[in-house]
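J.: Quick one: the structure is below, and I'll ask about it shortly.
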Amino acid sequence: MRRALVVALALLGISGLLAAACGGEEAPASEARQKVVVAVQPTLASSEMLEKARPLEQFLEQRLGNVDVEIYVPTSYAGIVEALRFGHAQVAFMSAWPSYLATQLADADLVLAEVREVIHGEQKVEAPYYYSYWVVRKDSPYNSLSDLRGKKACFPSPLSTSGYVGPMGRLVELGLLQTPSSGQVDPKAFFSDYIFGGGYQQCWQALRAGQVDVSIIAGDVPESLYREVLANTRQLESQGPLPSHAVVFGKTLQEPLRSRVLEAIEALGAPEQRELMRQFISALFVGFQRSSAEEHLGALQRYLSLTRLQFTESLSAAR
């Protein structure tokens, strides 16, 4: 995994782009205001995200005092890993799989797990983890995952922890797929065909239309979508607990600034401040819980070990 991602990053030339984006040589510490660059996983066009980021940037600067906070939105997930690796960013808000890669490839520390409003089964809870579920239509003749051998499936994204990594890991756990001796697990070793729908809503539409035989729904999607899917499907299997998003610190963020930044980010969980995160990063945000890679990403690491899936992306796919 390490070699594949490093080669991909080199081909993209991300390192050079990051250096240019962050400017030239820095002034001596005695002459310059301290600066913290916060990298954020891209979900929209960079210009749109930066506009939404301004209130969050201002809040962190107010909490930190004489510190210049800059929100940085790269064009890809891999760009965040490289930013942390080469010290161009000190903090990153990331989803689970990129967070894992940051700890492995950039020697970064996972310090906070995001607590979200999620649904465990039928119950709405506040937790840093959730589950995802294999579902079929109510009129489906299939009663277990083993019945779906040779059928068609829809997954929301090849980069989704809950929508692909976890489900593939569950198939291996159940003995329906085998951990490959080389390469990564192939869904076509079990299903006759599969598609990546582009999201949970799209996969639900494909299942409802009869274009596929089985799909996935996760407990961290909008509640209206989750309830709609569960009301019109039958659940065959589940996987989890799956980790929520995380906050990762690069090695260049040192004390005493490190502790101050940690406390400033934790303060976003106050009820009066939560909207800053909900508007910009996560609509389900409640707060943060101190954690570590070992604690928060354990289930993900297990599924990656079972499936040997590798994180690959293109610049266009990461927008």
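In the structure tokens, each chain is lettered A, B, ... as it comes, each chain's residues begin at 1, and ligands are numbered from 1 in order of appearance.
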Give me the stretch 140-194 of chain A side of the contact with stretch 96-105 of chain A, cut-off 10 Å, one line per residue showing its nearest atom pair and distance in Å at one decimal, counting only C-alpha atoms, sorted by chain and residue number, as a Markdown table.

T.:
```
| residue | atom | partner | partner_atom | distance |
| --- | --- | --- | --- | --- |
| A:Leu159 | CA | A:Trp97 | CA | 7.7 |
| A:Ser160 | CA | A:Trp97 | CA | 7.9 |
| A:Thr161 | CA | A:Trp97 | CA | 6.6 |
| A:Ser162 | CA | A:Ala96 | CA | 9.7 |
| A:Val165 | CA | A:Trp97 | CA | 9.2 |
```

J.: To one decimal in Å, tell me the separation between atom CA of A:Ile71 and atom CA of A:Gly250.

T.: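 Those two atoms sit 14.8 Å apart.
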
J.: Which residues are near A:Ala113? Cut-off 6 Å, only C-alpha atoms, ignore same chain within fewer than 3 positions. Put them as a count of residues only.

T.: 4

J.: Select, from A:Ala267, A:Leu145, A:Val40, A:Pro74, the residue with the minimum atom-to-atom distance to A:Gly175, counting only C-alpha atoms.

T.: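 Looking only at the distances to A:Gly175, the closest residue turns out to be A:Leu145.
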
J.: Can you pull out every residue within 9 Å of A:Asn143, counting only C-alpha atoms, but drop anything in the same chain fewer than 4 positions away, and send it as an MDAnalysis selection string?

T.: chainID A and resid 136 147:148 234:236

J.: Let me see the file: selected residues, C-alpha atoms, as a compact mmCIF listing (two decimals), in the first residue's frame.

T.:
```txt
# COMPACT_ATOMS: atom_id res chain seq x y z
CA VAL A 136 -32.27 -6.17 -0.39
CA ASP A 147 -27.66 -16.45 -1.52
CA LEU A 148 -26.26 -13.51 -3.49
CA ARG A 234 -34.72 -6.18 4.42
CA GLN A 235 -31.38 -6.24 6.20
CA LEU A 236 -29.23 -9.32 5.56
```
